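Novice: I am sharing target.cif, which consists of mmCIF, C-alpha atoms:
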data_data
#
loop_
_atom_site.label_atom_id
_atom_site.label_comp_id
_atom_site.auth_asym_id
_atom_site.auth_seq_id
_atom_site.Cartn_x
_atom_site.Cartn_y
_atom_site.Cartn_z
CA MET P 15 90.74 65.13 104.36
CA GLU P 16 92.25 67.17 101.50
CA ALA P 17 95.32 68.01 103.57
CA ASN P 18 95.82 64.36 104.50
CA GLY P 19 95.37 63.37 100.86
CA SER P 20 97.95 65.92 99.70
CA THR P 21 100.38 64.76 102.37
CA GLY P 22 99.90 61.18 101.24
CA ILE P 23 100.54 62.10 97.59
CA PHE P 24 103.73 63.98 98.42
CA SER P 25 104.87 61.18 100.71
CA SER P 26 104.27 58.59 98.00
CA ALA P 27 106.05 60.72 95.42
CA SER P 28 108.99 61.16 97.79
CA MET P 29 109.20 57.42 98.40
CA ALA P 30 109.07 56.76 94.65
CA VAL P 31 111.92 59.19 94.00
CA GLU P 32 113.94 57.66 96.84
CA TYR P 33 113.41 54.20 95.33
CA ILE P 34 114.50 55.36 91.87
CA ASP P 35 117.51 57.06 93.44
CA SER P 36 118.49 53.80 95.14
CA LEU P 37 118.49 52.03 91.74
CA LEU P 38 120.80 54.55 90.12
CA PRO P 39 124.53 53.77 90.05
CA GLU P 40 126.69 55.59 92.56
CA ASN P 41 127.76 59.02 91.36
CA PRO P 42 131.55 58.86 90.77
CA LEU P 43 131.78 62.62 91.38
CA GLN P 44 130.17 62.49 94.82
CA GLU P 45 133.32 61.60 96.76
CA PRO P 46 135.54 64.23 95.07
CA PHE P 47 132.76 66.79 95.57
CA LYS P 48 132.46 65.82 99.23
CA ASN P 49 136.23 66.18 99.74
CA ALA P 50 136.26 69.54 97.96
CA TRP P 51 133.29 70.79 99.98
CA ASN P 52 134.83 69.76 103.32
CA SER P 53 138.15 71.27 102.28
CA MET P 54 136.35 74.55 101.55
CA LEU P 55 134.71 74.49 104.99
CA ASN P 56 138.04 73.82 106.67
CA ASN P 57 139.94 76.57 104.88
CA TYR P 58 137.45 79.41 104.62
CA THR P 59 135.07 81.15 107.01
CA LYS P 60 131.32 81.09 106.54
CA PHE P 61 131.42 84.77 105.63
CA GLN P 62 133.98 84.12 102.88
CA ILE P 63 132.00 81.15 101.54
CA ALA P 64 128.65 82.94 101.57
CA THR P 65 129.95 86.23 100.18
CA TRP P 66 132.94 85.65 97.93
CA GLY P 67 131.90 82.09 97.11
CA SER P 68 128.49 83.30 95.91
CA LEU P 69 130.10 86.08 93.86
CA ILE P 70 132.52 83.65 92.21
CA VAL P 71 129.73 81.17 91.44
CA HIS P 72 127.65 83.92 89.84
CA GLU P 73 130.46 85.39 87.76
CA VAL P 74 131.92 82.06 86.62
CA ILE P 75 128.54 80.50 85.73
CA TYR P 76 127.35 83.64 83.94
CA SER P 77 130.56 83.92 81.92
CA LEU P 78 130.57 80.24 80.95
CA LEU P 79 126.92 80.34 79.89
CA CYS P 80 127.43 83.48 77.79
CA LEU P 81 130.56 82.13 76.08
CA PRO P 82 128.87 79.76 73.56
CA GLY P 83 126.52 82.47 72.28
CA PHE P 84 129.46 84.88 71.97
CA LEU P 85 131.39 82.32 69.92
CA PHE P 86 128.40 81.44 67.70
CA GLN P 87 128.68 84.78 65.89
CA PHE P 88 132.07 83.65 64.52
CA ILE P 89 130.83 80.23 63.37
CA PRO P 90 129.04 80.38 59.97
CA TYR P 91 127.26 77.05 60.60
CA MET P 92 125.46 78.48 63.64
CA LYS P 93 123.89 81.35 61.70
CA LYS P 94 121.04 79.11 60.58
CA TYR P 95 119.98 78.79 64.24
CA LYS P 96 119.94 82.55 64.88
CA ILE P 97 116.35 83.72 65.32
CA GLN P 98 116.69 87.28 63.99
CA LYS P 99 119.15 86.65 61.20
CA ASP P 100 118.90 90.21 59.87
CA LYS P 101 120.21 91.67 63.14
CA PRO P 102 123.73 90.37 63.82
CA GLU P 103 125.58 91.25 67.01
CA SER P 104 127.78 94.35 66.88
CA TYR P 105 131.07 94.74 68.70
CA GLY P 106 130.05 98.20 69.88
CA GLY P 107 126.80 96.91 71.35
CA GLN P 108 128.51 94.01 73.08
CA TRP P 109 131.17 96.27 74.58
CA LYS P 110 128.49 98.68 75.85
CA CYS P 111 126.61 95.74 77.34
CA PHE P 112 129.76 94.44 79.04
CA LYS P 113 130.47 97.79 80.72
CA VAL P 114 126.93 98.03 82.09
CA LEU P 115 127.21 94.44 83.34
CA LEU P 116 130.37 95.29 85.27
CA PHE P 117 128.55 98.13 87.00
CA ASN P 118 125.44 96.06 87.76
CA HIS P 119 127.40 93.04 88.99
CA PHE P 120 129.80 94.87 91.28
CA CYS P 121 127.86 97.99 92.31
CA ILE P 122 124.32 96.58 92.54
CA GLN P 123 124.51 92.79 92.92
CA LEU P 124 127.66 92.54 95.04
CA PRO P 125 126.19 94.62 97.91
CA LEU P 126 123.17 92.30 97.86
CA ILE P 127 125.44 89.24 97.85
CA CYS P 128 127.21 90.65 100.91
CA GLY P 129 123.99 90.09 102.82
CA THR P 130 124.07 86.35 102.11
CA TYR P 131 126.14 85.52 105.20
CA TYR P 132 123.82 87.45 107.50
CA PHE P 133 120.83 85.74 105.92
CA THR P 134 122.29 82.28 106.55
CA GLU P 135 123.17 83.24 110.13
CA TYR P 136 119.78 84.75 110.93
CA PHE P 137 117.84 81.76 109.58
CA ASP P 138 120.44 79.22 110.76
CA ILE P 139 121.06 77.88 107.24
CA PRO P 140 123.57 74.99 107.47
CA TYR P 141 126.82 74.68 105.50
CA GLU P 142 127.88 71.16 106.53
CA TRP P 143 128.14 68.25 104.11
CA GLU P 144 126.07 66.01 106.39
CA THR P 145 123.05 68.32 106.08
CA MET P 146 123.31 68.80 102.32
CA PRO P 147 119.97 67.96 100.60
CA ARG P 148 119.70 65.10 98.11
CA TRP P 149 119.68 65.97 94.40
CA HIS P 150 115.93 65.44 93.99
CA ALA P 151 115.08 67.65 96.98
CA LEU P 152 117.45 70.30 95.67
CA LEU P 153 115.94 70.12 92.19
CA THR P 154 112.37 70.30 93.53
CA ARG P 155 113.12 73.40 95.57
CA CYS P 156 114.88 75.06 92.61
CA LEU P 157 111.85 74.40 90.41
CA GLY P 158 109.66 75.84 93.17
CA CYS P 159 111.82 78.97 93.14
CA ALA P 160 111.51 79.13 89.35
CA VAL P 161 107.71 79.11 89.60
CA ILE P 162 107.78 81.86 92.24
CA GLU P 163 110.27 83.99 90.31
CA ASP P 164 108.37 83.52 87.05
CA THR P 165 105.14 84.71 88.67
CA TRP P 166 106.81 87.77 90.17
CA HIS P 167 108.61 88.51 86.90
CA TYR P 168 105.47 88.29 84.77
CA PHE P 169 103.46 90.86 86.71
CA LEU P 170 106.31 93.25 87.53
CA HIS P 171 107.78 92.99 84.03
CA ARG P 172 104.36 93.73 82.56
CA LEU P 173 104.07 96.74 84.89
CA LEU P 174 107.48 98.03 83.74
CA HIS P 175 106.07 98.08 80.20
CA HIS P 176 103.36 100.56 81.24
CA LYS P 177 103.65 103.63 79.01
CA ARG P 178 104.05 105.98 81.99
CA ILE P 179 107.18 104.31 83.35
CA TYR P 180 108.61 102.25 80.47
CA LYS P 181 110.96 104.95 79.16
CA TYR P 182 112.43 105.60 82.61
CA ILE P 183 113.48 102.06 83.55
CA HIS P 184 112.80 99.09 81.28
CA LYS P 185 113.62 100.84 77.99
CA ILE P 186 117.33 100.32 78.67
CA HIS P 187 116.93 96.52 78.54
CA HIS P 188 115.17 96.88 75.19
CA GLU P 189 117.99 98.81 73.55
CA PHE P 190 118.88 95.53 71.85
CA GLN P 191 115.96 94.44 69.66
CA ALA P 192 117.81 91.20 68.91
CA PRO P 193 119.01 89.87 72.30
CA PHE P 194 122.22 87.94 72.94
CA GLY P 195 123.23 85.91 75.99
CA MET P 196 125.35 88.54 77.71
CA GLU P 197 122.42 90.98 77.50
CA ALA P 198 120.38 88.92 79.98
CA GLU P 199 121.41 91.15 82.92
CA TYR P 200 121.77 94.37 80.92
CA ALA P 201 119.27 96.59 82.71
CA HIS P 202 118.63 99.78 84.64
CA PRO P 203 119.79 99.44 88.29
CA LEU P 204 116.19 99.86 89.47
CA GLU P 205 115.07 97.03 87.18
CA THR P 206 117.83 94.84 88.59
CA LEU P 207 116.36 95.43 92.05
CA ILE P 208 112.67 95.25 91.09
CA LEU P 209 112.74 92.10 88.96
CA GLY P 210 115.60 90.61 91.02
CA ALA P 211 113.38 90.64 94.10
CA GLY P 212 111.53 87.64 92.65
CA PHE P 213 114.76 85.68 92.78
CA PHE P 214 115.05 86.21 96.54
CA ILE P 215 111.45 85.37 97.47
CA GLY P 216 112.00 81.69 96.77
CA ILE P 217 115.22 81.74 98.78
CA LEU P 218 113.42 83.18 101.79
CA LEU P 219 110.77 80.47 101.58
CA LEU P 220 112.70 77.39 100.48
CA CYS P 221 116.40 77.68 101.35
CA ASP P 222 117.56 74.81 103.59
CA HIS P 223 121.31 74.73 102.85
CA VAL P 224 123.89 77.15 101.46
CA VAL P 225 124.41 74.86 98.45
CA PHE P 226 120.80 75.58 97.50
CA LEU P 227 121.72 79.24 96.94
CA TRP P 228 124.31 78.24 94.37
CA ALA P 229 122.07 75.64 92.73
CA TRP P 230 119.25 78.16 92.34
CA VAL P 231 121.64 80.83 91.01
CA THR P 232 122.90 78.33 88.44
CA LEU P 233 119.43 77.30 87.27
CA ARG P 234 118.22 80.90 87.05
CA LEU P 235 121.26 81.98 85.06
CA MET P 236 120.86 79.00 82.74
CA THR P 237 117.29 79.96 81.87
CA THR P 238 117.77 83.73 81.58
CA VAL P 239 120.89 83.45 79.41
CA ASP P 240 119.17 80.81 77.26
CA VAL P 241 116.03 82.87 76.57
CA HIS P 242 118.22 85.88 75.71
CA SER P 243 120.66 83.88 73.58
CA GLY P 244 119.11 84.83 70.24
CA TYR P 245 119.61 81.25 69.03
CA ASP P 246 117.17 78.36 68.85
CA ILE P 247 119.39 75.30 69.19
CA PRO P 248 117.55 72.04 68.29
CA ILE P 249 119.03 69.92 71.08
CA ASN P 250 118.52 72.05 74.17
CA PRO P 251 117.98 70.12 77.44
CA LEU P 252 116.05 73.05 78.94
CA ASN P 253 113.33 72.52 76.33
CA PHE P 254 112.41 69.27 78.09
CA ILE P 255 111.12 71.29 81.06
CA PRO P 256 107.29 71.36 80.84
CA PHE P 257 105.90 74.77 79.79
CA TYR P 258 109.42 76.18 79.35
CA SER P 259 109.25 79.35 77.24
CA GLY P 260 112.59 79.11 75.45
CA SER P 261 114.55 81.54 73.31
CA ARG P 262 111.94 82.07 70.56
CA HIS P 263 109.30 83.08 73.09
CA HIS P 264 111.44 85.78 74.70
CA ASP P 265 113.15 86.79 71.45
CA PHE P 266 109.73 87.79 70.13
CA HIS P 267 109.26 90.00 73.21
CA HIS P 268 112.42 91.93 72.30
CA MET P 269 111.42 92.13 68.65
CA ASN P 270 107.79 93.13 69.33
CA PHE P 271 108.10 94.93 72.72
CA VAL P 272 104.57 93.78 73.64
CA GLY P 273 103.52 90.41 75.09
CA ASN P 274 105.45 87.36 76.31
CA TYR P 275 106.27 88.94 79.67
CA ALA P 276 107.11 85.77 81.65
CA SER P 277 110.71 84.88 82.36
CA THR P 278 110.70 81.08 82.28
CA PHE P 279 107.30 79.49 81.70
CA THR P 280 104.41 80.12 79.30
CA TRP P 281 101.32 79.69 81.48
CA TRP P 282 100.86 83.30 82.66
CA ASP P 283 101.05 84.62 79.10
CA ARG P 284 98.57 81.97 77.99
CA LEU P 285 96.21 82.67 80.88
CA PHE P 286 96.10 86.43 80.29
CA GLY P 287 96.34 86.24 76.50
CA THR P 288 99.56 88.25 76.34
CA ASP P 289 100.99 85.72 73.89
CA SER P 290 98.29 86.38 71.25
CA GLN P 291 100.57 88.46 69.02
CA TYR P 292 103.26 85.81 69.34
CA ASN P 293 100.84 83.08 68.27
CA THR P 294 99.62 85.18 65.33
CA TYR P 295 103.22 85.79 64.28
CA ASN P 296 104.02 82.07 64.43
CA GLU P 297 101.00 81.21 62.31
CA LYS P 298 102.03 83.83 59.77
CA MET P 299 105.58 82.46 59.61
CA LYS P 300 104.31 78.89 59.16
CA LYS P 301 102.15 79.96 56.21
CA MET P 302 105.10 81.77 54.63
CA GLU P 303 107.24 78.66 55.01
CA LYS P 304 104.61 76.51 53.32
CA LYS P 305 104.40 78.93 50.39
CA ASN P 306 108.18 78.82 49.97
CA GLU P 307 108.30 75.02 49.91
#
Could you take the file, read its structure, and then write that structure out as structure tokens?
Specialist:
Amino acid sequence: MEANGSTGIFSSASMAVEYIDSLLPENPLQEPFKNAWNSMLNNYTKFQIATWGSLIVHEVIYSLLCLPGFLFQFIPYMKKYKIQKDKPESYGGQWKCFKVLLFNHFCIQLPLICGTYYFTEYFDIPYEWETMPRWHALLTRCLGCAVIEDTWHYFLHRLLHHKRIYKYIHKIHHEFQAPFGMEAEYAHPLETLILGAGFFIGILLLCDHVVFLWAWVTLRLMTTVDVHSGYDIPINPLNFIPFYSGSRHHDFHHMNFVGNYASTFTWWDRLFGTDSQYNTYNEKMKKMEKKNE
């Protein structure tokens, strides 16, 4: 009975989304995107698309997402949105971060990306435009991946903070007490593999088209760069995601080193009470603000 009830709920929800989708105006970008996608399929092999296409998507998206935070340090108006105002970015720190990123991206992540083609072949993941999932199905699967990755990240991240192993692996990521966007993937190679495994679990379970790989990469980069940005921007569309942690939540983790272990959502920290110091800190800051008014 419960299984039938759940199926009925999901079926009804799917029908509701389909109905809403039918009411929306036609996307003017769909036809150009379709032409571009088919042109890509006609001019490049599946290996080139899966391997070099995935690398380009990762590098371009990561660079574009990091760019605003990099520019904010030169804009006086944006300083009021910086969370740790007493710890400005340093050119030396950013250059060191950039060099480590180059190593991680091309010596650690690229070999993993090279396996994308073989993954799509083994599981018969389609590339064709005709089999591309609708936006709502794509979004649902990406959110599912975010939940899976967040769960993996919370427990493994918390383990990496254990006093017996912290100094050997995760300490590198905490070299910057005040994070900045580019620092999101600044980590020990082992950490890149350990925490990065959570990213691939969702792919193994939910991938139904090669475009999903790029959509999930984009969403994951958006959230990780945002929480490491060091800025709390008032109008941030990611903050509309229910239970989204945001930059202040993770910024406190870098400032305090203890608590707030989740990558994207707040529920695991709430459930296990690992956000208690964060909540105490927020209450303290609110009282100080009231006194200064």
Novice: Taking all atoms listed in the file into account, which of P:Asn270, P:Ser77, P:Trp281, P:Tyr245 comes nearest Lys93 (chain P)?
Specialist: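 Looking only at the distances to Lys93 (chain P), the closest residue turns out to be P:Tyr245.
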Novice: Could you name the residues that touch region 157-166 of chain P at 7 Å or less, counting all atoms listed in the file, but leaving out those on the same chain fewer than 3 positions away, as a list of chain:residue names?
Specialist: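 The residues that qualify are P:Leu153, P:Thr154, P:Phe169, P:Leu170, P:Gly212, P:Phe213, P:Gly216, P:Ala276, P:Ser277, P:Thr278, P:Phe279.
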Novice: Using Å and a single decimal, report how far CA of Ile70 (chain P) sits from CA of Phe137 (chain P).
Specialist: 22.8 Å
Novice: Nearest to Phe117 (chain P) among P:Met196, P:Ala201, P:Leu152, P:Leu174, with distances taken over only C-alpha atoms: which residue is it?
Specialist: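 Under the stated criterion, the closest residue is P:Ala201.
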Novice: Which distance in Å separates CA of Ile217 (chain P) and CA of Thr130 (chain P), to one decimal?
Specialist: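 Separation between CA of Ile217 (chain P) and CA of Thr130 (chain P): 10.5 Å.
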Novice: What separation in Å, quoted to one decimal, exists between CA of Pro102 (chain P) and CA of Pro82 (chain P)?
Specialist: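 These atoms are spaced 15.3 Å apart.
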Novice: Measuring between only C-alpha atoms, which one of P:Ile247, P:Met299, P:Val224, P:Leu209 shows the shortest distance to Phe86 (chain P)?
Specialist: P:Ile247
Novice: Between P:Gln108, P:Asn250, P:Thr238, P:Thr288, which has the minimum distance to Tyr168 (chain P) (counting all atoms listed in the file)?
Specialist: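 When distances to Tyr168 (chain P) are compared using all atoms listed in the file, the smallest one comes from P:Thr288.
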Novice: Which residues fall under the PyMOL selection byres ((chain P and resi 290) around 12) in this file, as a PyMOL selection string?
Specialist: chain P and resi 263+266-267+270+272-275+280+283-289+291-297
Novice: Kindly provide the residues of region 139-233 of chain P that approach region 42-52 of chain P to within 12 Å, each paired with its closest atom pair and their distance in Å to one decimal, based on all atoms listed in the file, listed by chain and increasing number, as JSON lines.
Specialist:
{"residue": "P:Tyr141", "atom": "CA", "partner": "P:Trp51", "partner_atom": "CA", "distance": 9.4}
{"residue": "P:Glu142", "atom": "CA", "partner": "P:Asn52", "partner_atom": "CA", "distance": 7.8}
{"residue": "P:Trp143", "atom": "CA", "partner": "P:Asn52", "partner_atom": "CA", "distance": 6.9}
{"residue": "P:Glu144", "atom": "CA", "partner": "P:Lys48", "partner_atom": "CA", "distance": 9.6}
{"residue": "P:Thr145", "atom": "CA", "partner": "P:Lys48", "partner_atom": "CA", "distance": 11.9}
{"residue": "P:Met146", "atom": "CA", "partner": "P:Lys48", "partner_atom": "CA", "distance": 10.1}
{"residue": "P:Arg148", "atom": "CA", "partner": "P:Gln44", "partner_atom": "CA", "distance": 11.3}
{"residue": "P:Trp149", "atom": "CA", "partner": "P:Gln44", "partner_atom": "CA", "distance": 11.1}
{"residue": "P:Val224", "atom": "CA", "partner": "P:Trp51", "partner_atom": "CA", "distance": 11.4}
{"residue": "P:Val225", "atom": "CA", "partner": "P:Trp51", "partner_atom": "CA", "distance": 9.9}
Novice: If we count all atoms listed in the file, what is near region 95-100 of chain P at a cut-off of 12 Å, once residues fewer than 2 positions away on the same chain are taken out, given as a PyMOL selection string?
Specialist: chain P and resi 83+86-87+89-93+102-103+190-194+241-249+260-266+268-270
Novice: Take the PyMOL selection byres ((chain P and resi 79) around 9), apply it to the structure above, and return the hits as JSON, numbers by chain.
Specialist: {"P": [74, 75, 76, 77, 78, 80, 81, 82, 83, 195, 196, 235, 236, 239, 240]}
Novice: Which residue, P:Glu40, P:Trp228, P:Tyr200, P:Arg155, has the smallest gap to Trp109 (chain P) when you use all atoms listed in the file?
Specialist: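 Going through P:Glu40, P:Trp228, P:Tyr200, P:Arg155 one by one, the smallest distance to Trp109 (chain P) is for P:Tyr200.
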Novice: Between P:Phe61, P:Lys304, P:Ser104, P:Ala229, which one has atoms that come closest to Pro147 (chain P), using all atoms listed in the file?
Specialist: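 Looking only at the distances to Pro147 (chain P), the closest residue turns out to be P:Ala229.
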Novice: Which polymer residues have any atom within 9 Å of an atom of Tyr131 (chain P), counting all atoms listed in the file, with same-chain residues fewer than 2 positions away left out, as a PyMOL selection string?
Specialist: chain P and resi 60-65+127-129+133-136
Novice: Any chance you could model N, CA, C and O atoms for region 166-182 of chain P and send them as an mmCIF file, in the coordinates of the input?
Specialist:
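Contents of out_0.cif, as written:
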data_model
loop_
_atom_site.group_PDB
_atom_site.id
_atom_site.type_symbol
_atom_site.label_atom_id
_atom_site.label_comp_id
_atom_site.auth_asym_id
_atom_site.auth_seq_id
_atom_site.Cartn_x
_atom_site.Cartn_y
_atom_site.Cartn_z
ATOM 1 N N TRP P 166 106.412 86.405 89.842
ATOM 2 C CA TRP P 166 106.810 87.770 90.170
ATOM 3 C C TRP P 166 107.237 88.517 88.909
ATOM 4 O O TRP P 166 106.824 89.662 88.675
ATOM 5 N N HIS P 167 108.063 87.878 88.094
ATOM 6 C CA HIS P 167 108.610 88.510 86.900
ATOM 7 C C HIS P 167 107.504 88.893 85.922
ATOM 8 O O HIS P 167 107.542 89.984 85.334
ATOM 9 N N TYR P 168 106.540 88.014 85.745
ATOM 10 C CA TYR P 168 105.470 88.290 84.770
ATOM 11 C C TYR P 168 104.750 89.592 85.116
ATOM 12 O O TYR P 168 104.610 90.484 84.272
ATOM 13 N N PHE P 169 104.276 89.709 86.345
ATOM 14 C CA PHE P 169 103.460 90.860 86.710
ATOM 15 C C PHE P 169 104.267 92.143 86.836
ATOM 16 O O PHE P 169 103.823 93.217 86.411
ATOM 17 N N LEU P 170 105.477 92.054 87.399
ATOM 18 C CA LEU P 170 106.310 93.250 87.530
ATOM 19 C C LEU P 170 106.890 93.674 86.184
ATOM 20 O O LEU P 170 107.005 94.873 85.895
ATOM 21 N N HIS P 171 107.264 92.709 85.372
ATOM 22 C CA HIS P 171 107.780 92.990 84.030
ATOM 23 C C HIS P 171 106.693 93.667 83.193
ATOM 24 O O HIS P 171 106.944 94.648 82.480
ATOM 25 N N ARG P 172 105.489 93.137 83.293
ATOM 26 C CA ARG P 172 104.360 93.730 82.560
ATOM 27 C C ARG P 172 104.113 95.163 83.038
ATOM 28 O O ARG P 172 103.822 96.062 82.234
ATOM 29 N N LEU P 173 104.238 95.395 84.345
ATOM 30 C CA LEU P 173 104.070 96.740 84.890
ATOM 31 C C LEU P 173 105.145 97.685 84.355
ATOM 32 O O LEU P 173 104.865 98.849 84.046
ATOM 33 N N LEU P 174 106.382 97.194 84.239
ATOM 34 C CA LEU P 174 107.480 98.030 83.740
ATOM 35 C C LEU P 174 107.274 98.437 82.276
ATOM 36 O O LEU P 174 107.923 99.371 81.795
ATOM 37 N N HIS P 175 106.387 97.727 81.585
ATOM 38 C CA HIS P 175 106.070 98.080 80.200
ATOM 39 C C HIS P 175 104.947 99.120 80.116
ATOM 40 O O HIS P 175 104.585 99.539 79.012
ATOM 41 N N HIS P 176 104.402 99.529 81.245
ATOM 42 C CA HIS P 176 103.360 100.560 81.240
ATOM 43 C C HIS P 176 103.927 101.838 80.633
ATOM 44 O O HIS P 176 105.060 102.247 80.950
ATOM 45 N N LYS P 177 103.152 102.481 79.785
ATOM 46 C CA LYS P 177 103.650 103.630 79.010
ATOM 47 C C LYS P 177 104.138 104.782 79.885
ATOM 48 O O LYS P 177 104.962 105.593 79.443
ATOM 49 N N ARG P 178 103.637 104.865 81.126
ATOM 50 C CA ARG P 178 104.050 105.980 81.990
ATOM 51 C C ARG P 178 105.425 105.784 82.608
ATOM 52 O O ARG P 178 106.061 106.763 83.022
ATOM 53 N N ILE P 179 105.880 104.550 82.701
ATOM 54 C CA ILE P 179 107.180 104.310 83.350
ATOM 55 C C ILE P 179 108.190 103.580 82.464
ATOM 56 O O ILE P 179 109.362 103.507 82.805
ATOM 57 N N TYR P 180 107.734 103.056 81.324
ATOM 58 C CA TYR P 180 108.610 102.250 80.470
ATOM 59 C C TYR P 180 109.904 102.986 80.104
ATOM 60 O O TYR P 180 111.006 102.437 80.225
ATOM 61 N N LYS P 181 109.785 104.226 79.662
ATOM 62 C CA LYS P 181 110.960 104.950 79.160
ATOM 63 C C LYS P 181 111.973 105.293 80.256
ATOM 64 O O LYS P 181 113.135 105.597 79.960
ATOM 65 N N TYR P 182 111.537 105.234 81.516
ATOM 66 C CA TYR P 182 112.430 105.600 82.610
ATOM 67 C C TYR P 182 113.277 104.429 83.123
ATOM 68 O O TYR P 182 114.359 104.644 83.671
#
